Every structure is written in structure tokens, then in C-alpha cells.
Amino acid sequence: MRIENYKIADWEDSEIGVFLDENEDWILINSIPGDYQLDGYKLLSKNHVEERSEVENSNLIQKVIELKEIKVQKPIDFKFGDAIEILQGLAAKYGCFEFQDEVEEELFYGTLGEYDEESFSIDFIKSDGTIDLDFDEVFEVKDIRTISFESDYFNSISLLYNYYKKDKK
């Protein structure tokens with residue numbers, strides 16, 4: 001089990017997680033947002049990972065994970081792809097997706113709107129699970145730093161969004 005620290009371009013704080021897999025474009029981790037807490041999965045764009053190192057107290061974190069009897073593994077049906085393919089796959093499975101760009105403090109939840117190889121728009125999902133009809137922003141694919149899923153907060157937004165979506169049918 002490798003527990004690593006990732007310095008992301010333009011961000012003050014690093015991402016920490018249990019390394020699960022990688023390809024030429026992405027690193028997949030089981031996210032550790034604080035101390036000994038595992039919370040969901042995060043894909044880190046290698047284009048924005050400036051530095052990668054082992055976490056200082058990784059032996060202690062590993063011991064806590066073992067004592068909690070947490071099975072750390074790659075999601076069974078996860079497949080790498082380009083950013084748009086990953087967002088589409090997450091939306092198909094969970095109803096929505098979550099990503100971050102160069103602004104560390106902002107998380108975007110949504111479903112895919114118009115897109116091409118370089119940019120995309122989203123139907124932005126607010127924290128109450130409803131669509132923000134006034135949100136009108138185009139994102140550059142190259143600016144995506146992370147794509148996250150299955151965290152407690154992500155699952156909550158997904159549940160609310162899918163509940164309201166179903167209710168409107």
C-alpha cells in the first residue's frame with residue numbers, strides 16, 4: 001500500500017491518498033482528506049501534478065486502515081479515459097460528476113452539456129441537489145485538476161440530484 005502526497009499546480013494544499021492505479025494521463029487514489037479518514041476516489045491529472053512523494057507517517061496511516069479493516073481497492077467497474085469520457089462515465093453511473101479546476105476552493109457538480117475536445121459546459125448542480133439555471137460557464141478540459149467520486153459529500157449531492165430528477169418525471 002502506497003500512501004502518497006501530490007502537489008497540484010496553482011494549489012496551496014496537497015492531495016493525499018492511497019495510490020490505486022495510473023495511466024499516462026491520470027493517477028487514481030483513494031482520497032485521504034484528513035488524518036486517518038478515507039473518503040471516496042480522486043483522479044489527479046498528471047498534467048497538473050508538480051510533485052509526488054510518500055507521506056511521512058504512511059506506516060501509521062496504513063496501520064489504521066488495517067485496524068479499521070478497510071479494504072482499499074480500485075472501483076471494480078472503473079475505466080480510465082480522457083476527461084470527457086470519465087465525466088460521461090460518472091454521470092452514467094451516479095447521475096452527475098464532480099471536478100476541480102485551477103481554483104482550489106471550488107468544486108463543480110453537474111452533468112455534461114455541450115462539449116468538444118477542448119472545452120465543455122455543464123448543468124451545474126447546487127448543494128441542495130437542484131440545477132442552477134443561471135450558471136453559464138465554459139470550462140477548458142486542460143484546466144481540470146481533479147475528478148472525484150464516491151466521497152460522502154459527492155454521494156449526498158448525487159442522491160439529492162437523482163431524487164429531484166426522478167420527482168420531475
# chains A, B, ... in the order shown; residues from 1 in each chain; ligands from 1
call {"tool": "residues_around", "arguments": {"residues": "A:Val55", "least_positions_apart": "2", "cutoff": "7 Å", "atoms": "only C-alpha atoms", "output": "PyMOL selection string"}}
result
chain A and resi 3-5+53+57-58
call {"tool": "residues_around", "arguments": {"residues": "A:Ser151", "least_positions_apart": "3", "cutoff": "9 Å", "atoms": "only C-alpha atoms", "output": "ChimeraX atom specification"}}
result
/A:31,38-42,148,154-156
call {"tool": "write_last_selection", "arguments": {"atoms": "all heavy atoms", "output": "CSV table (one decimal), in the first residue's frame"}}
result
chain,number,residue,atom,x,y,z
A,31,SER,N,-8.9,8.8,-1.7
A,31,SER,CA,-8.6,10.1,-1.1
A,31,SER,C,-8.6,10.0,0.5
A,31,SER,O,-9.4,9.4,1.1
A,31,SER,CB,-9.7,11.1,-1.5
A,31,SER,OG,-9.3,12.4,-1.0
A,38,LEU,N,-10.5,7.9,5.1
A,38,LEU,CA,-10.6,7.6,3.6
A,38,LEU,C,-12.0,8.0,3.2
A,38,LEU,O,-13.0,7.7,3.8
A,38,LEU,CB,-10.5,6.1,3.4
A,38,LEU,CG,-9.1,5.5,3.5
A,38,LEU,CD1,-9.1,4.0,3.3
A,38,LEU,CD2,-8.1,6.1,2.5
A,39,ASP,N,-12.0,8.8,2.1
A,39,ASP,CA,-13.3,9.3,1.7
A,39,ASP,C,-13.4,9.4,0.1
A,39,ASP,O,-13.1,10.5,-0.4
A,39,ASP,CB,-13.6,10.7,2.3
A,39,ASP,CG,-15.1,11.1,2.1
A,39,ASP,OD1,-16.0,10.2,1.8
A,39,ASP,OD2,-15.4,12.3,2.2
A,40,GLY,N,-13.8,8.4,-0.5
A,40,GLY,CA,-14.0,8.4,-1.9
A,40,GLY,C,-12.7,8.3,-2.7
A,40,GLY,O,-11.6,8.0,-2.2
A,41,TYR,N,-12.9,8.4,-4.1
A,41,TYR,CA,-11.9,8.3,-5.0
A,41,TYR,C,-11.6,9.6,-5.7
A,41,TYR,O,-12.5,10.4,-5.9
A,41,TYR,CB,-12.2,7.3,-6.1
A,41,TYR,CG,-12.5,5.9,-5.5
A,41,TYR,CD1,-13.8,5.5,-5.2
A,41,TYR,CD2,-11.4,5.0,-5.2
A,41,TYR,CE1,-14.0,4.2,-4.7
A,41,TYR,CE2,-11.6,3.8,-4.7
A,41,TYR,CZ,-12.9,3.4,-4.4
A,41,TYR,OH,-13.1,2.1,-3.9
A,42,LYS,N,-10.3,9.8,-6.1
A,42,LYS,CA,-10.0,11.0,-6.8
A,42,LYS,C,-9.0,10.7,-7.9
A,42,LYS,O,-8.1,9.9,-7.7
A,42,LYS,CB,-9.3,12.0,-5.8
A,42,LYS,CG,-9.3,13.4,-6.2
A,42,LYS,CD,-9.0,14.4,-5.1
A,42,LYS,CE,-10.2,14.7,-4.3
A,42,LYS,NZ,-10.1,16.0,-3.5
A,148,SER,N,-13.5,13.7,-8.9
A,148,SER,CA,-13.8,12.9,-7.7
A,148,SER,C,-15.1,12.2,-7.7
A,148,SER,O,-16.1,12.6,-8.4
A,148,SER,CB,-13.8,13.8,-6.4
A,148,SER,OG,-12.6,14.5,-6.4
A,154,PHE,N,-20.1,13.8,-2.2
A,154,PHE,CA,-20.5,13.5,-3.6
A,154,PHE,C,-21.7,12.6,-3.6
A,154,PHE,O,-22.7,12.9,-4.3
A,154,PHE,CB,-19.3,12.8,-4.3
A,154,PHE,CG,-19.7,12.3,-5.7
A,154,PHE,CD1,-19.7,13.2,-6.8
A,154,PHE,CD2,-20.2,11.0,-5.9
A,154,PHE,CE1,-20.1,12.7,-8.1
A,154,PHE,CE2,-20.6,10.6,-7.1
A,154,PHE,CZ,-20.5,11.4,-8.2
A,155,ASN,N,-21.7,11.6,-2.8
A,155,ASN,CA,-22.9,10.7,-2.7
A,155,ASN,C,-24.1,11.4,-2.3
A,155,ASN,O,-25.2,11.1,-2.8
A,155,ASN,CB,-22.6,9.5,-1.8
A,155,ASN,CG,-21.6,8.5,-2.4
A,155,ASN,OD1,-21.3,8.5,-3.6
A,155,ASN,ND2,-20.9,7.8,-1.5
A,156,SER,N,-24.0,12.3,-1.4
A,156,SER,CA,-25.1,13.1,-0.9
A,156,SER,C,-25.7,14.0,-2.0
A,156,SER,O,-26.9,14.0,-2.2
A,156,SER,CB,-24.7,14.0,0.3
A,156,SER,OG,-24.3,13.2,1.4
call {"tool": "closest_residue", "arguments": {"among": "A:Gly129, A:Lys93, A:Ser158, A:Arg145", "to": "A:Asp77", "atoms": "only C-alpha atoms"}}
result
A:Lys93
call {"tool": "residues_around", "arguments": {"residues": "A:Glu51", "least_positions_apart": "4", "cutoff": "9 Å", "atoms": "only C-alpha atoms", "output": "list in words"}}
result
Asn5, Tyr6, Lys7, Ile8 and Ala9 of chain A
call {"tool": "residues_around", "arguments": {"residues": "A:Ala92", "least_positions_apart": "5", "cutoff": "12 Å", "atoms": "only C-alpha atoms", "output": "list in words"}}
result
Glu85, Ile86, Leu87, Phe97, Gly110, Thr111, Leu112, Ser158 and Asn162 of chain A
call {"tool": "write_last_selection", "arguments": {"atoms": "C-alpha atoms", "output": "PDB file, in the first residue's frame"}}
result
ATOM      1  CA  GLU A  85     -15.101  10.075 -21.173  1.00  0.00           C
ATOM      2  CA  ILE A  86     -14.539   9.909 -17.418  1.00  0.00           C
ATOM      3  CA  LEU A  87     -17.135  12.617 -16.735  1.00  0.00           C
ATOM      4  CA  PHE A  97     -19.905  14.182 -11.621  1.00  0.00           C
ATOM      5  CA  GLY A 110     -23.002  18.725 -12.748  1.00  0.00           C
ATOM      6  CA  THR A 111     -23.956  16.869 -15.850  1.00  0.00           C
ATOM      7  CA  LEU A 112     -22.316  17.373 -19.199  1.00  0.00           C
ATOM      8  CA  SER A 158     -25.844  12.616  -6.231  1.00  0.00           C
ATOM      9  CA  ASN A 162     -31.304  11.959  -8.649  1.00  0.00           C
TER      10      ASN A 162
END
